[in-house]
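The next block is entry.txt, given as compact mmCIF, C-alpha atoms and all ligand atoms.
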# COMPACT_ATOMS: atom_id res chain seq x y z
CA MET L 255 96.01 103.00 104.16
CA ALA L 256 95.69 101.94 107.80
CA ARG L 257 93.46 98.95 108.25
CA SER L 258 90.90 98.82 110.99
CA LEU L 259 92.12 97.05 114.10
CA ILE L 260 88.60 96.05 114.97
CA ILE L 261 87.35 92.80 113.45
CA GLY L 262 84.08 91.39 114.69
CA GLY L 263 84.34 93.44 117.87
CA MET L 264 87.71 91.90 118.83
CA ARG L 265 91.02 93.69 118.78
CA SER L 266 92.94 92.10 115.96
CA SER L 267 96.31 93.20 117.35
CA LYS L 268 97.75 89.98 118.61
CA ARG L 269 98.98 89.40 122.10
CA HIS L 270 102.47 90.76 122.52
CA GLU L 271 104.88 88.02 121.56
CA SER L 272 106.60 88.20 124.95
CA LEU L 273 103.53 86.59 126.57
CA ILE L 274 103.01 83.83 123.99
CA PRO L 275 104.97 81.16 125.98
CA LEU L 276 102.72 81.81 128.99
CA SER L 277 99.59 81.71 126.83
CA HIS L 278 100.67 78.35 125.39
CA GLN L 279 100.94 76.93 128.89
CA HIS L 280 97.59 78.49 129.76
CA HIS L 281 96.07 76.58 126.87
CA HIS L 282 97.46 73.29 128.24
CA GLY L 283 96.20 74.18 131.72
CA LEU L 284 92.71 74.89 130.42
CA VAL L 285 92.60 71.63 128.46
CA LEU L 286 93.61 69.70 131.59
CA SER L 287 91.19 71.46 133.94
CA HIS L 288 88.24 71.12 131.54
CA ARG L 289 88.93 67.42 131.07
CA VAL L 290 89.30 66.81 134.81
CA LEU L 291 86.07 68.69 135.61
CA ARG L 292 84.23 66.80 132.87
CA ASP L 293 85.45 63.35 133.99
CA LEU L 294 85.34 63.82 137.76
CA PRO L 295 81.60 63.21 138.35
CA GLY L 296 81.91 59.76 136.74
CA LEU L 297 84.88 58.82 138.93
CA ARG L 298 83.39 59.32 142.38
CA GLY L 299 83.84 56.18 144.40
CA ASP L 300 86.52 54.84 142.04
CA SER L 301 89.56 55.53 144.19
CA GLN L 302 92.02 54.04 141.70
CA ALA L 303 90.83 56.25 138.84
CA LEU L 304 90.78 59.27 141.13
CA ALA L 305 94.36 58.57 142.21
CA LEU L 306 95.39 58.50 138.54
CA VAL L 307 93.76 61.87 137.86
CA ALA L 308 95.30 63.35 141.03
CA GLY L 309 98.70 62.04 139.92
CA GLU L 310 98.24 63.64 136.52
CA VAL L 311 97.44 66.99 138.14
CA VAL L 312 100.52 66.78 140.38
CA GLU L 313 102.69 65.85 137.39
CA PHE L 314 101.38 68.79 135.33
CA PHE L 315 102.03 71.10 138.27
CA GLU L 316 105.61 69.92 138.70
CA ARG L 317 106.45 69.76 134.98
CA ASP L 318 104.80 72.98 133.76
CA LEU L 319 103.24 75.11 136.48
CA LEU L 320 106.19 75.46 138.86
CA ALA L 321 108.29 77.20 136.21
CA HIS L 322 105.22 79.06 134.90
CA PHE L 323 104.43 80.51 138.34
CA ALA L 324 108.11 81.41 138.79
CA ALA L 325 108.16 83.26 135.44
CA GLU L 326 105.09 85.23 136.49
CA GLU L 327 106.23 85.89 140.07
CA GLU L 328 109.87 86.69 139.30
CA VAL L 329 109.57 88.39 135.90
CA LEU L 330 106.08 89.44 134.74
CA PHE L 331 104.43 90.67 137.96
CA PRO L 332 107.42 92.69 139.27
CA ALA L 333 107.95 94.28 135.84
CA MET L 334 104.28 95.32 135.67
CA GLU L 335 104.28 96.77 139.17
CA GLN L 336 107.56 98.55 138.54
CA GLN L 337 106.08 100.30 135.52
CA LEU L 338 102.43 100.66 136.54
CA GLY L 339 102.50 100.76 140.35
CA LYS L 340 100.75 98.41 142.74
CA LEU L 341 98.01 96.33 141.09
CA THR L 342 95.26 94.63 143.13
CA ILE L 343 94.86 91.94 140.50
CA ILE L 344 98.47 90.85 141.03
CA ASP L 345 97.84 90.38 144.77
CA GLU L 346 94.83 88.22 143.90
CA LEU L 347 96.84 86.16 141.40
CA LEU L 348 99.67 85.61 143.91
CA GLY L 349 97.11 84.43 146.47
CA GLU L 350 95.74 81.96 143.91
CA HIS L 351 99.25 80.64 143.18
CA ARG L 352 99.63 80.04 146.95
CA GLN L 353 96.27 78.25 147.12
CA MET L 354 97.20 76.00 144.18
CA ARG L 355 100.54 75.11 145.80
CA VAL L 356 98.70 74.11 149.00
CA LEU L 357 96.16 72.01 147.06
CA VAL L 358 98.92 70.19 145.16
CA GLN L 359 100.75 69.45 148.42
CA GLU L 360 97.51 67.97 149.70
CA LEU L 361 97.10 65.89 146.53
CA SER L 362 100.69 64.63 146.79
CA ARG L 363 100.11 63.51 150.37
CA LYS L 364 96.63 62.05 150.24
CA GLY L 365 96.45 61.10 146.59
CA SER L 366 92.86 60.70 145.62
CA GLY L 367 90.61 63.36 147.18
CA ALA L 368 87.94 64.20 144.58
CA LYS L 369 87.11 67.50 146.29
CA THR L 370 90.73 68.61 146.23
CA VAL L 371 91.16 67.64 142.58
CA GLU L 372 87.98 69.55 141.72
CA ALA L 373 89.03 72.61 143.75
CA PHE L 374 92.40 72.66 142.00
CA ALA L 375 90.93 72.30 138.50
CA GLU L 376 88.36 75.07 139.11
CA LEU L 377 90.94 77.39 140.58
CA LEU L 378 93.38 76.77 137.73
CA ARG L 379 90.66 77.41 135.12
CA ASP L 380 89.47 80.64 136.77
CA HIS L 381 93.01 81.83 137.41
CA ILE L 382 94.03 81.36 133.78
CA ARG L 383 90.90 83.19 132.60
CA LYS L 384 91.69 86.09 134.91
CA GLU L 385 95.24 86.36 133.58
CA GLU L 386 94.18 86.11 129.93
CA ARG L 387 91.10 88.36 130.17
CA ASP L 388 92.09 90.89 132.81
CA LEU L 389 95.85 90.96 133.35
CA PHE L 390 97.29 90.48 129.86
CA PRO L 391 95.20 93.29 128.28
CA ILE L 392 96.64 95.69 130.91
CA TYR L 393 100.11 94.50 129.90
CA ASP L 394 99.38 94.82 126.18
CA GLN L 395 97.95 98.30 126.49
CA ARG L 396 100.04 99.95 129.20
CA MET L 397 103.56 98.47 129.26
CA SER L 398 106.23 100.17 127.15
CA GLU L 399 107.76 98.29 124.21
CA SER L 400 111.17 98.14 125.91
CA ALA L 401 109.69 96.75 129.15
CA GLN L 402 107.74 94.15 127.14
CA SER L 403 110.85 93.08 125.34
CA ALA L 404 112.79 92.71 128.64
CA VAL L 405 109.88 90.69 130.06
CA GLY L 406 109.93 88.44 127.00
CA ASP L 407 113.64 87.70 127.47
CA GLY L 408 113.15 87.07 131.21
CA ILE L 409 110.22 84.71 130.67
CA ARG L 410 112.08 82.71 128.02
CA GLN L 411 115.10 82.35 130.32
CA ARG L 412 113.00 81.40 133.33
CA LEU L 413 111.03 78.77 131.39
CA ALA L 414 114.21 77.35 129.85
CA GLY L 415 116.06 77.03 133.15
FE FE I 1 99.42 82.72 137.34
FE FE I 2 99.63 82.02 134.18

Could the structure of this file be written out as structure tokens, please?
Amino acid sequence: MARSLIIGGMRSSKRHESLIPLSHQHHHGLVLSHRVLRDLPGLRGDSQALALVAGEVVEFFERDLLAHFAAEEEVLFPAMEQQLGKLTIIDELLGEHRQMRVLVQELSRKGSGAKTVEAFAELLRDHIRKEERDLFPIYDQRMSESAQSAVGDGIRQRLAG
């Protein structure tokens, strides 16, 4: 007998496995941005501590987010638009990637600007929420199985290389 897919109002069907590597990185990004936003008010005026946090953000960007953005921009977004047509949300997400790149460049140059660190952490948090809550459900519901499986292979390769 088919079991109900609805448990407590949530779809119990899990996120397609092809997106799990991105969701893992989203989790790390959320942990970092929440911690930064929590600690930042206590660090104002402490330029050394601020420089450390800014350095941590830049390091996370270079280690994880560069490849993550590339996997989305080169694999996930084009595959979705190829199958589903132009999507406004993808334009918004690309604009947010650009903004985050600019903010990180600023952090790399100036080091310890609290406002820039805060702007980056807020943008990262909101961007990840938008992908998880708005973009990924479109992918789960509307992309064909074969396209999802090709996306999964492409994402794995892009994150590995
Ligand atoms: Fe993104
Ligand atoms: Fe993402």

Open item on the list: Could you check the closest approach to Glu376 in chain L for each of L:Arg412, L:Arg269, L:His280, L:His288 and tell me which residue wins, using only C-alpha atoms?
Closed with: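 For Glu376 in chain L, the nearest of the candidates is L:His288.
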
Per residue of chain L within 9 Å of ligand FE 1 (chain I), note the shortest atom pair and the distance in Å to one decimal, counting all atoms listed in the file, and order the rows by chain and increasing residue number, as CSV.
residue,atom,partner,partner_atom,distance
L:His280,CA,I:FE1,FE,8.9
L:Leu319,CA,I:FE1,FE,8.6
L:His322,CA,I:FE1,FE,7.3
L:Phe323,CA,I:FE1,FE,5.6
L:Ala324,CA,I:FE1,FE,8.9
L:Ala325,CA,I:FE1,FE,9.0
L:Glu326,CA,I:FE1,FE,6.3
L:Glu327,CA,I:FE1,FE,8.0
L:Ile344,CA,I:FE1,FE,9.0
L:Leu347,CA,I:FE1,FE,5.9
L:Leu348,CA,I:FE1,FE,7.2
L:Glu350,CA,I:FE1,FE,7.6
L:His351,CA,I:FE1,FE,6.2
L:Leu378,CA,I:FE1,FE,8.5
L:His381,CA,I:FE1,FE,6.5
L:Ile382,CA,I:FE1,FE,6.6
L:Lys384,CA,I:FE1,FE,8.8
L:Glu385,CA,I:FE1,FE,6.7

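The residue that comes closest to Leu297 in chain L, out of L:Ala404, L:Ala368, L:Glu386, L:Ala414 and on the basis of all atoms listed in the file, is L:Ala368.
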
TODO: Kindly indicate which residue among L:Asp394, L:Asp318, L:Glu271, L:Glu399 lies nearest to ligand FE 2 (chain I), using only C-alpha atoms and all ligand atoms for the distances.
DONE: L:Asp318

- [ ] Could you check how far CA of Val371 in chain L sits from CA of His281 in chain L, in Å to one decimal?
- [x]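 Between CA of Val371 in chain L and CA of His281 in chain L the gap works out to 18.7 Å.
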
TODO: Grab the CA of Leu338 in chain L to CA of Ser398 in chain L distance for me, in Å with one decimal place.
DONE: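 Calculated distance between CA of Leu338 in chain L and CA of Ser398 in chain L is 10.1 Å.
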
Task: Radius query 12 Å about (109.6, 88.0, 126.0), atoms used: all atoms listed in the file, as a ChimeraX atom specification - done: /L:269-277,325-326,329-330,333,399-413

TODO: Figure out the distance between CA of Ser287 in chain L and CA of Ile343 in chain L, please, to one decimal in Å.
DONE: 21.8 Å

Open item on the list: Between L:Leu320, L:Met334, L:Leu389, L:Leu361, which residue has the minimum interatomic distance to Gln279 in chain L, considering all atoms listed in the file?
Closed with: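 Closest residue, counting all atoms listed in the file: L:Leu320.
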
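For the choices L:Met397, L:Leu341, L:Glu316, L:Asp380, the atom-to-atom distance to ligand FE 2 (chain I) is smallest for L:Asp380 when using only C-alpha atoms and all ligand atoms.
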
TODO: Compare L:Glu313, L:Arg289, L:Leu304, L:Leu284 by their minimum atom-to-atom distance to ligand FE 2 (chain I), counting all atoms listed in the file, and give me the closest one.
DONE: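 Using all atoms listed in the file, ligand FE 2 (chain I) sits closest to L:Leu284.
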